Protein chains: 2
Amino acid sequence: MSNIENTKVNPKLPLSKRFKNSQPYGAPVLDLELKLNTNENPYPLPAEVKAEILEELSQKLDAVNRYPDRLQVEARTALAKYLYEITNVAISPTQVWAANGSNEIINQILLAFHDPGEIALGFEPSYSMHKIISEAVGYRYQAVPRGDDFSIDFEKALSVIKRDNPRIIFITTPNNPTGTSTSLGDIEKILQVATQSVLIVDEAYGEFSTEPSAICLIEKYPNLIVSRTMSKAFAFAGARIGYAVAQLETLAALGLARLPYHLSTQSQVLAKVALGNYQLLQGQVQKIIKSRKFLMQQLRELGLTVIESDANFFLFGEFTSSQHAWQALVDESILVRDVAIAGFLRITVGTEQESHLFIERLKGLLNNKIILK
Amino acid sequence: MSNIENTKVNPKLPLSKRFKNSQPYGAPVLDLELKLNTNENPYPLPAEVKAEILEELSQKLDAVNRYPDRLQVEARTALAKYLYEITNVAISPTQVWAANGSNEIINQILLAFHDPGEIALGFEPSYSMHKIISEAVGYRYQAVPRGDDFSIDFEKALSVIKRDNPRIIFITTPNNPTGTSTSLGDIEKILQVATQSVLIVDEAYGEFSTEPSAICLIEKYPNLIVSRTMSKAFAFAGARIGYAVAQLETLAALGLARLPYHLSTQSQVLAKVALGNYQLLQGQVQKIIKSRKFLMQQLRELGLTVIESDANFFLFGEFTSSQHAWQALVDESILVRDVAIAGFLRITVGTEQESHLFIERLKGLLNNKIILK
């Protein structure tokens, strides 16, 4: 069916040159049995958290005729408390700022620091929205390739940063789609050189990693903004809550770039209640980490290569054709992600049952030489 | 207390030149008895609508670990049905597109059609976010002053459009903060000349007006986008649901500029359920229109000037100093809006009881010559 994502813009309209060759971003939506393609958390919202959300909404919706709290005080207070619990870093609510998904956080940052001709730099492969949002806002996007093991080559990175003085630098850790982490020490190497840049450390998958959060560096570096999300660890992809952590005098720039009242009353309630129940939701994170280890081990036993990962997904291969392998899995009602890394596919860690089903069907495909490695 | 809105950006950071002299937009938040400053609907959500929202959420939150429907099919289907009911224009769900408030709709449009150096043109005074978002995206904003009666001078408008070829033209009808409407005939005059521009007709207050919606023109003009909101007529300011109505091949441009999954599961539910109950909510609109007439009449009887309005607010004056009159009302625990139109203030139409209280206190201020006219 025709829709906004598969329809060409009327050529009579003055579409921005930026979008002339664009396609709308978004994973293919296929209604298959195993959806292991968008790094969602496989566990539904616990019943007690849902009940508390509905109770709180029942109160707050009585005032939905009024604009939401523009300063999101309750949600940010809950975020600061949560971050203290998991990082032991004393974060003030004024050092946190929420939006509709970390995409909107990144958009606000990019807009706040944008001037024509400036560069946004990322280490690729990485989360593709960084490039897409950068170019939409008007940056030149510069991709610095990661090494063969998908780590950042810091010698190269530092020399490129000194030479090109990017306005924005992205470090995604754990990195999507590769799962690799960047250590705090390495992040500081960048911060010490890139004093004219704003460094966005994207920790969307931070809760699945054993590396400490870059949040502990914000006191020291005004040009560091840590971007995080509730989509993954809180099983909240549908709720669209992302947040930034930085010094107040840094977040003030986002206050200039944000659309007023961007975060609805209902979203503020969902964030606050889920954060208040973080221990319950962290239990799911531990289950996913355990599943990741199991799944990686199983794939290794099938003779496949897996790339070590600190996230709720990982790359596996090598296939003679990742496109062909992707399609063969789709034919088995399994949706994984082809992230354009030759020979590899990215799989999101699902439930234990999903892992077993996946292994079984993949084994069949390999044994019958439908997928070749 | 320090917060993101009253804190200066660290001067060491590379803040965009665009924001160097900006202040965060947002009405002053004062906890007064009568809040008649932000054009909110004074009536709370009807209990039966709230119950239905909570019931539907109870289902949909079970899948909140999954990303929301990127194409918002249920919400858009409900919007199309509602628009057909109130305008009698057959709108397909593919001709409607929702976002977090009409601010985000306008932002998506402006981004989709932006190229450096292009002009966005509006007829001022008007909704101040048009200028703010235009400049944030990178347009040069051109204000064409309205006439003494706040109507658009079409001879001047057409000659400016021919001369400057703006990429974007805004018409707000009913216009905020003046309440004046622009007729469909006048909108067509602009469309016939501005074939190279995208015309945004902002109908945020459309339901309070007797003028027909510009939605009936979308079949004819691919460069027309009608922007509307559920904030006012649906008493849904906290829910942040705005929407665009245009041809599918026009909305496809917004599909390129939007952040993926921008509208959360919970927001889609709220929109859908409230739209399904539109008749209940339209009853409130009729009450507000009645109150508006009453309040205007009362102010006229106090010897004040009121500007005719098709919205849920109107301008009243003339005061020797609108700043002074604003403060005197604040001292009586009444918050109205100073919209920088000399001698006038803007009042939102509240409940009947609020209107009576307002009249009574204003009368006192005038009688005691605390407010001078």
# chains A, B, ... in the order shown; residues from 1 in each chain; ligands from 1

$ residues_around --residues "Gly185 in chain B" --least-positions-apart "3" --cutoff "12 Å" --atoms "only C-alpha atoms" --output "list in words"
Phe154, Ser181, Thr182, Glu188, Lys189, Ile190, Leu191, Gln192, Glu211, Pro212, Ser213, Ala214, Cys216 and Leu217 of chain B

$ residues_around --residues "range 106-114 of chain A" --least-positions-apart "6" --cutoff "8 Å" --atoms "only C-alpha atoms" --output "VMD selection string"
(chain A and resid 130 133 to 134 137 to 139 167 to 168 227 253 to 254 256 to 258) or (chain B and resid 14 to 16 19 136 to 137)

$ calpha_fit_and_write --fixed "chain A" --moving "chain B" --output "CSV table (one decimal) with C-alpha atoms, in the first residue's frame"
chain,number,residue,atom,x,y,z
B,1,MET,CA,0.0,0.0,0.0
B,2,SER,CA,1.2,3.6,-0.8
B,3,ASN,CA,2.5,5.3,2.3
B,4,ILE,CA,4.6,8.2,3.3
B,5,GLU,CA,7.8,6.0,3.3
B,6,ASN,CA,7.4,4.4,-0.2
B,7,THR,CA,6.0,7.4,-2.1
B,8,LYS,CA,8.1,9.8,-4.2
B,9,VAL,CA,7.9,13.5,-3.3
B,10,ASN,CA,6.1,15.5,-5.9
B,11,PRO,CA,8.9,16.8,-8.2
B,12,LYS,CA,7.1,20.2,-8.5
B,13,LEU,CA,7.9,20.8,-4.8
B,14,PRO,CA,11.1,22.6,-3.7
B,15,LEU,CA,12.5,19.6,-1.8
B,16,SER,CA,15.7,20.4,0.0
B,17,LYS,CA,18.9,19.4,-1.9
B,18,ARG,CA,19.8,17.5,1.2
B,19,PHE,CA,17.0,15.1,0.7
B,20,LYS,CA,17.0,14.7,-3.1
B,21,ASN,CA,18.6,11.2,-2.9
B,22,SER,CA,17.3,10.2,0.5
B,23,GLN,CA,15.2,7.3,1.5
B,24,PRO,CA,13.2,7.4,4.8
B,25,TYR,CA,15.2,5.6,7.5
B,26,GLY,CA,13.7,2.6,9.1
B,27,ALA,CA,14.2,-1.1,9.4
B,28,PRO,CA,12.0,-3.2,7.1
B,29,VAL,CA,8.8,-4.1,8.8
B,30,LEU,CA,8.0,-7.8,8.1
B,31,ASP,CA,5.6,-9.7,10.2
B,32,LEU,CA,7.8,-12.8,11.0
B,33,GLU,CA,7.9,-15.2,13.9
B,34,LEU,CA,11.3,-14.1,15.3
B,35,LYS,CA,12.0,-10.4,15.2
B,36,LEU,CA,15.6,-10.1,16.0
B,37,ASN,CA,16.4,-7.1,13.9
B,38,THR,CA,15.9,-3.8,15.8
B,39,ASN,CA,17.8,-4.5,19.1
B,40,GLU,CA,14.5,-4.4,21.1
B,41,ASN,CA,14.4,-6.0,24.5
B,42,PRO,CA,12.3,-9.2,24.2
B,43,TYR,CA,10.6,-8.9,27.6
B,44,PRO,CA,7.3,-7.2,28.0
B,45,LEU,CA,6.7,-4.6,30.6
B,46,PRO,CA,6.3,-6.3,34.0
B,47,ALA,CA,2.7,-6.3,35.1
B,48,GLU,CA,3.4,-4.3,38.3
B,49,VAL,CA,5.2,-1.5,36.4
B,50,LYS,CA,2.3,-1.3,34.0
B,51,ALA,CA,-0.2,-1.1,36.8
B,52,GLU,CA,1.8,1.7,38.4
B,53,ILE,CA,2.0,3.6,35.1
B,54,LEU,CA,-1.8,3.3,34.6
B,55,GLU,CA,-2.4,4.5,38.1
B,56,GLU,CA,-0.1,7.5,37.8
B,57,LEU,CA,-1.6,8.3,34.3
B,58,SER,CA,-5.1,8.2,35.7
B,59,GLN,CA,-4.1,11.2,37.9
B,60,LYS,CA,-2.0,13.1,35.4
B,61,LEU,CA,-4.4,12.8,32.5
B,62,ASP,CA,-6.9,14.9,34.5
B,63,ALA,CA,-4.6,17.9,33.7
B,64,VAL,CA,-3.8,16.9,30.1
B,65,ASN,CA,-5.7,20.0,28.9
B,66,ARG,CA,-2.7,21.9,30.3
B,67,TYR,CA,0.7,22.0,28.6
B,68,PRO,CA,3.2,19.4,30.1
B,69,ASP,CA,6.0,20.4,32.5
B,70,ARG,CA,8.4,22.1,30.1
B,71,LEU,CA,11.3,21.3,32.5
B,72,GLN,CA,10.2,17.6,33.0
B,73,VAL,CA,11.2,17.9,36.7
B,74,GLU,CA,9.8,14.6,37.9
B,75,ALA,CA,11.2,12.6,35.0
B,76,ARG,CA,14.6,14.2,35.3
B,77,THR,CA,14.7,13.7,39.0
B,78,ALA,CA,14.0,10.0,38.5
B,79,LEU,CA,16.7,9.9,35.8
B,80,ALA,CA,19.3,11.5,38.1
B,81,LYS,CA,18.5,9.1,40.9
B,82,TYR,CA,18.7,6.1,38.6
B,83,LEU,CA,22.0,7.2,37.1
B,84,TYR,CA,23.4,7.6,40.6
B,85,GLU,CA,22.3,4.1,41.5
B,86,ILE,CA,24.0,2.5,38.5
B,87,THR,CA,27.1,4.6,38.2
B,88,ASN,CA,27.7,5.9,41.7
B,89,VAL,CA,28.2,9.4,40.2
B,90,ALA,CA,26.2,12.1,41.9
B,91,ILE,CA,24.2,13.6,39.0
B,92,SER,CA,21.9,16.5,39.7
B,93,PRO,CA,18.5,16.6,37.9
B,94,THR,CA,19.8,19.8,36.2
B,95,GLN,CA,22.5,17.7,34.5
B,96,VAL,CA,19.9,15.5,32.8
B,97,TRP,CA,17.5,16.3,29.9
B,98,ALA,CA,15.0,14.0,28.3
B,99,ALA,CA,13.4,13.9,24.8
B,100,ASN,CA,11.4,11.7,22.5
B,101,GLY,CA,14.1,9.0,22.0
B,102,SER,CA,17.8,9.6,21.8
B,103,ASN,CA,17.3,10.5,18.1
B,104,GLU,CA,15.7,13.7,19.3
B,105,ILE,CA,18.4,14.3,21.9
B,106,ILE,CA,21.0,14.0,19.1
B,107,ASN,CA,19.0,16.2,16.9
B,108,GLN,CA,18.8,18.9,19.6
B,109,ILE,CA,22.6,18.7,20.2
B,110,LEU,CA,23.4,18.9,16.4
B,111,LEU,CA,21.1,21.8,15.9
B,112,ALA,CA,22.4,23.8,18.9
B,113,PHE,CA,26.0,23.6,17.7
B,114,HIS,CA,25.5,23.8,13.9
B,115,ASP,CA,27.0,26.4,11.7
B,116,PRO,CA,27.1,26.0,7.9
B,117,GLY,CA,30.1,24.1,6.6
B,118,GLU,CA,30.9,22.5,10.0
B,119,ILE,CA,31.9,18.8,10.2
B,120,ALA,CA,30.3,16.0,12.2
B,121,LEU,CA,32.7,13.0,12.6
B,122,GLY,CA,31.9,9.4,13.4
B,123,PHE,CA,33.8,6.1,13.5
B,124,GLU,CA,32.2,3.7,11.1
B,125,PRO,CA,30.5,1.4,10.9
B,126,SER,CA,28.3,2.9,13.6
B,127,TYR,CA,24.6,3.9,14.3
B,128,SER,CA,23.5,5.1,10.9
B,129,MET,CA,21.2,7.8,12.3
B,130,HIS,CA,24.3,9.8,13.4
B,131,LYS,CA,25.1,10.4,9.7
B,132,ILE,CA,21.5,10.9,8.7
B,133,ILE,CA,20.6,13.4,11.4
B,134,SER,CA,24.0,15.3,10.8
B,135,GLU,CA,23.3,15.7,7.1
B,136,ALA,CA,19.7,16.6,7.7
B,137,VAL,CA,20.7,19.4,10.0
B,138,GLY,CA,23.3,20.5,7.5
B,139,TYR,CA,26.7,19.2,8.6
B,140,ARG,CA,29.2,17.6,6.3
B,141,TYR,CA,29.5,14.1,7.8
B,142,GLN,CA,33.0,12.6,7.9
B,143,ALA,CA,33.3,8.9,8.4
B,144,VAL,CA,36.6,7.6,9.9
B,145,PRO,CA,36.7,3.9,9.3
B,146,ARG,CA,37.2,1.6,12.3
B,147,GLY,CA,40.0,-1.0,12.3
B,148,ASP,CA,39.5,-4.7,11.2
B,149,ASP,CA,38.4,-5.6,14.7
B,150,PHE,CA,35.9,-2.6,14.7
B,151,SER,CA,37.9,-0.7,17.3
B,152,ILE,CA,38.8,3.0,16.9
B,153,ASP,CA,42.3,3.6,15.7
B,154,PHE,CA,43.2,6.4,18.1
B,155,GLU,CA,46.4,7.5,16.4
B,156,LYS,CA,44.5,8.1,13.2
B,157,ALA,CA,41.5,9.5,15.0
B,158,LEU,CA,43.5,12.2,16.8
B,159,SER,CA,45.3,13.3,13.7
B,160,VAL,CA,42.1,13.6,11.8
B,161,ILE,CA,40.5,15.6,14.6
B,162,LYS,CA,43.6,17.9,14.8
B,163,ARG,CA,43.5,18.4,11.0
B,164,ASP,CA,39.8,18.9,10.4
B,165,ASN,CA,38.6,20.3,13.7
B,166,PRO,CA,35.1,18.8,13.6
B,167,ARG,CA,32.3,20.6,15.4
B,168,ILE,CA,30.8,17.3,16.5
B,169,ILE,CA,32.4,13.9,17.3
B,170,PHE,CA,30.3,10.8,17.9
B,171,ILE,CA,31.6,7.8,19.8
B,172,THR,CA,29.0,5.0,20.2
B,173,THR,CA,29.9,2.6,23.0
B,174,PRO,CA,29.0,-0.2,23.0
B,175,ASN,CA,29.0,0.5,19.3
B,176,ASN,CA,26.0,-0.4,17.1
B,177,PRO,CA,26.2,-2.6,15.0
B,178,THR,CA,29.5,-4.1,16.1
B,179,GLY,CA,29.0,-4.4,19.8
B,180,THR,CA,32.6,-3.1,20.6
B,181,SER,CA,33.2,-0.8,23.5
B,182,THR,CA,35.5,2.2,23.8
B,183,SER,CA,37.2,2.6,27.2
B,184,LEU,CA,37.0,5.7,29.3
B,185,GLY,CA,40.7,6.2,28.9
B,186,ASP,CA,40.3,6.3,25.1
B,187,ILE,CA,37.4,8.7,25.4
B,188,GLU,CA,39.6,11.0,27.4
B,189,LYS,CA,42.3,10.8,24.8
B,190,ILE,CA,39.7,12.3,22.4
B,191,LEU,CA,38.5,14.9,24.9
B,192,GLN,CA,42.0,16.1,25.6
B,193,VAL,CA,42.6,16.9,21.9
B,194,ALA,CA,39.1,17.8,20.8
B,195,THR,CA,38.7,20.9,23.0
B,196,GLN,CA,36.9,22.8,20.2
B,197,SER,CA,34.5,20.0,19.5
B,198,VAL,CA,31.4,18.7,21.2
B,199,LEU,CA,31.8,15.0,21.9
B,200,ILE,CA,28.6,12.9,21.9
B,201,VAL,CA,29.1,9.6,23.6
B,202,ASP,CA,26.2,7.5,22.6
B,203,GLU,CA,25.6,4.9,25.3
B,204,ALA,CA,22.2,3.5,24.0
B,205,TYR,CA,23.4,0.0,25.0
B,206,GLY,CA,25.3,1.1,28.1
B,207,GLU,CA,23.5,-1.1,30.6
B,208,PHE,CA,24.5,-4.2,28.7
B,209,SER,CA,28.2,-3.4,29.0
B,210,THR,CA,30.7,-3.9,31.8
B,211,GLU,CA,32.6,-0.7,30.9
B,212,PRO,CA,31.8,2.3,33.2
B,213,SER,CA,29.7,5.1,31.8
B,214,ALA,CA,31.3,8.2,30.4
B,215,ILE,CA,28.9,10.0,32.8
B,216,CYS,CA,31.8,10.0,35.3
B,217,LEU,CA,33.7,12.4,33.0
B,218,ILE,CA,31.1,15.1,32.7
B,219,GLU,CA,32.3,17.1,35.7
B,220,LYS,CA,35.6,17.5,34.0
B,221,TYR,CA,34.6,18.2,30.4
B,222,PRO,CA,32.0,20.8,29.5
B,223,ASN,CA,32.2,19.6,25.9
B,224,LEU,CA,31.1,16.1,26.6
B,225,ILE,CA,27.4,15.0,26.3
B,226,VAL,CA,26.4,11.5,27.1
B,227,SER,CA,23.3,10.3,25.2
B,228,ARG,CA,21.3,7.4,26.5
B,229,THR,CA,18.0,5.8,26.1
B,230,MET,CA,15.3,3.8,27.9
B,231,SER,CA,14.5,1.9,24.8
B,232,LYS,CA,16.7,-1.1,25.4
B,233,ALA,CA,17.5,-1.7,29.1
B,234,PHE,CA,14.0,-0.6,30.2
B,235,ALA,CA,12.2,-2.5,27.4
B,236,PHE,CA,10.8,0.8,26.4
B,237,ALA,CA,11.3,1.2,22.6
B,238,GLY,CA,7.7,2.1,22.1
B,239,ALA,CA,7.8,4.8,24.8
B,240,ARG,CA,10.5,6.8,23.1
B,241,ILE,CA,12.5,8.2,26.0
B,242,GLY,CA,16.1,9.3,25.4
B,243,TYR,CA,18.2,11.5,27.6
B,244,ALA,CA,21.3,13.6,27.6
B,245,VAL,CA,23.7,13.9,30.6
B,246,ALA,CA,26.1,16.8,30.7
B,247,GLN,CA,26.9,19.9,32.7
B,248,LEU,CA,24.0,22.3,33.1
B,249,GLU,CA,25.8,25.1,31.2
B,250,THR,CA,26.1,22.6,28.3
B,251,LEU,CA,22.5,21.4,28.4
B,252,ALA,CA,21.5,25.0,28.3
B,253,ALA,CA,22.4,24.9,24.6
B,254,LEU,CA,19.8,22.2,24.1
B,255,GLY,CA,17.3,24.4,25.9
B,256,LEU,CA,17.8,26.9,23.0
B,257,ALA,CA,17.4,24.3,20.2
B,258,ARG,CA,14.6,22.2,21.6
B,259,LEU,CA,11.0,22.7,20.6
B,260,PRO,CA,9.1,23.9,23.6
B,261,TYR,CA,6.9,21.3,25.4
B,262,HIS,CA,8.5,18.5,23.3
B,263,LEU,CA,7.9,15.8,25.9
B,264,SER,CA,4.3,15.0,26.5
B,265,THR,CA,2.7,14.5,29.9
B,266,GLN,CA,2.1,10.8,29.2
B,267,SER,CA,5.8,10.2,28.2
B,268,GLN,CA,7.0,12.0,31.4
B,269,VAL,CA,4.8,9.7,33.5
B,270,LEU,CA,6.0,6.5,31.7
B,271,ALA,CA,9.7,7.6,32.2
B,272,LYS,CA,9.3,8.4,35.9
B,273,VAL,CA,7.4,5.2,36.8
B,274,ALA,CA,9.7,2.9,34.9
B,275,LEU,CA,12.8,4.5,36.4
B,276,GLY,CA,11.4,4.1,39.9
B,277,ASN,CA,11.2,0.3,39.1
B,278,TYR,CA,14.7,0.0,37.6
B,279,GLN,CA,15.7,-2.9,39.7
B,280,LEU,CA,13.0,-5.0,38.3
B,281,LEU,CA,13.9,-4.0,34.7
B,282,GLN,CA,17.6,-4.6,35.4
B,283,GLY,CA,16.9,-8.2,36.0
B,284,GLN,CA,15.9,-8.5,32.4
B,285,VAL,CA,19.2,-7.0,31.4
B,286,GLN,CA,21.1,-9.8,33.2
B,287,LYS,CA,18.9,-12.4,31.5
B,288,ILE,CA,19.8,-10.9,28.1
B,289,ILE,CA,23.5,-10.8,28.8
B,290,LYS,CA,23.3,-14.5,29.8
B,291,SER,CA,21.4,-15.3,26.6
B,292,ARG,CA,24.0,-13.4,24.5
B,293,LYS,CA,26.8,-15.6,25.9
B,294,PHE,CA,24.8,-18.7,25.3
B,295,LEU,CA,23.9,-17.7,21.7
B,296,MET,CA,27.5,-16.7,20.8
B,297,GLN,CA,28.7,-20.0,22.2
B,298,GLN,CA,26.2,-22.0,20.1
B,299,LEU,CA,27.1,-20.1,16.9
B,300,ARG,CA,30.8,-20.7,17.5
B,301,GLU,CA,30.0,-24.4,17.9
B,302,LEU,CA,28.3,-24.3,14.4
B,303,GLY,CA,31.7,-23.1,13.1
B,304,LEU,CA,30.6,-19.5,12.7
B,305,THR,CA,32.5,-16.3,13.6
B,306,VAL,CA,31.0,-14.1,16.2
B,307,ILE,CA,32.3,-10.6,17.1
B,308,GLU,CA,32.6,-10.0,20.8
B,309,SER,CA,29.8,-7.7,22.0
B,310,ASP,CA,29.0,-5.6,25.1
B,311,ALA,CA,25.4,-5.0,23.9
B,312,ASN,CA,22.1,-6.9,23.4
B,313,PHE,CA,23.1,-7.8,19.8
B,314,PHE,CA,26.2,-9.0,18.0
B,315,LEU,CA,27.6,-9.7,14.5
B,316,PHE,CA,27.9,-13.2,13.2
B,317,GLY,CA,29.2,-14.7,9.9
B,318,GLU,CA,31.1,-15.1,7.8
B,319,PHE,CA,28.7,-15.9,5.0
B,320,THR,CA,29.6,-16.0,1.3
B,321,SER,CA,26.7,-13.5,0.9
B,322,SER,CA,25.1,-11.7,3.8
B,323,GLN,CA,22.2,-10.7,1.6
B,324,HIS,CA,21.5,-14.3,0.6
B,325,ALA,CA,21.8,-15.5,4.3
B,326,TRP,CA,19.4,-12.7,5.4
B,327,GLN,CA,16.8,-13.8,2.8
B,328,ALA,CA,17.2,-17.5,3.7
B,329,LEU,CA,16.6,-16.6,7.4
B,330,VAL,CA,13.5,-14.5,6.4
B,331,ASP,CA,12.2,-17.6,4.5
B,332,GLU,CA,12.4,-19.4,7.9
B,333,SER,CA,10.4,-16.5,9.5
B,334,ILE,CA,13.5,-15.0,11.2
B,335,LEU,CA,14.2,-11.3,10.8
B,336,VAL,CA,17.8,-10.3,11.5
B,337,ARG,CA,19.6,-7.1,10.2
B,338,ASP,CA,21.8,-6.8,7.2
B,339,VAL,CA,24.0,-3.8,8.3
B,340,ALA,CA,26.1,-3.7,5.1
B,341,ILE,CA,29.2,-5.4,6.6
B,342,ALA,CA,30.2,-7.9,4.0
B,343,GLY,CA,29.7,-11.5,5.2
B,344,PHE,CA,28.1,-10.6,8.5
B,345,LEU,CA,24.6,-10.1,9.9
B,346,ARG,CA,23.5,-8.5,13.2
B,347,ILE,CA,21.3,-10.5,15.5
B,348,THR,CA,19.4,-9.0,18.5
B,349,VAL,CA,19.5,-11.3,21.6
B,350,GLY,CA,15.9,-12.4,22.2
B,351,THR,CA,14.4,-14.7,24.8
B,352,GLU,CA,15.9,-18.1,25.6
B,353,GLN,CA,13.1,-19.8,23.6
B,354,GLU,CA,13.8,-17.5,20.6
B,355,SER,CA,17.5,-18.3,20.8
B,356,HIS,CA,16.8,-22.0,20.7
B,357,LEU,CA,14.5,-21.7,17.7
B,358,PHE,CA,17.0,-19.5,15.9
B,359,ILE,CA,19.9,-22.0,16.4
B,360,GLU,CA,17.7,-24.9,15.3
B,361,ARG,CA,16.6,-23.2,12.1
B,362,LEU,CA,20.1,-21.8,11.3
B,363,LYS,CA,21.5,-25.3,11.8
B,364,GLY,CA,19.1,-26.6,9.2
B,365,LEU,CA,20.0,-23.9,6.7
B,366,LEU,CA,23.7,-24.6,7.2
B,367,ASN,CA,23.4,-28.4,7.0
B,368,ASN,CA,21.3,-28.2,3.9
B,369,LYS,CA,23.8,-25.7,2.4
B,370,ILE,CA,21.1,-23.1,1.9
B,371,ILE,CA,23.3,-20.7,3.7
B,372,LEU,CA,27.0,-20.9,2.7
B,373,LYS,CA,29.9,-19.9,4.9

$ select_by_dssp --residues "range 219-366 of chain A" --states "alpha helix (DSSP H)" --output "ChimeraX atom specification"
/A:248-257,265-276,278-301,322-331,352-366
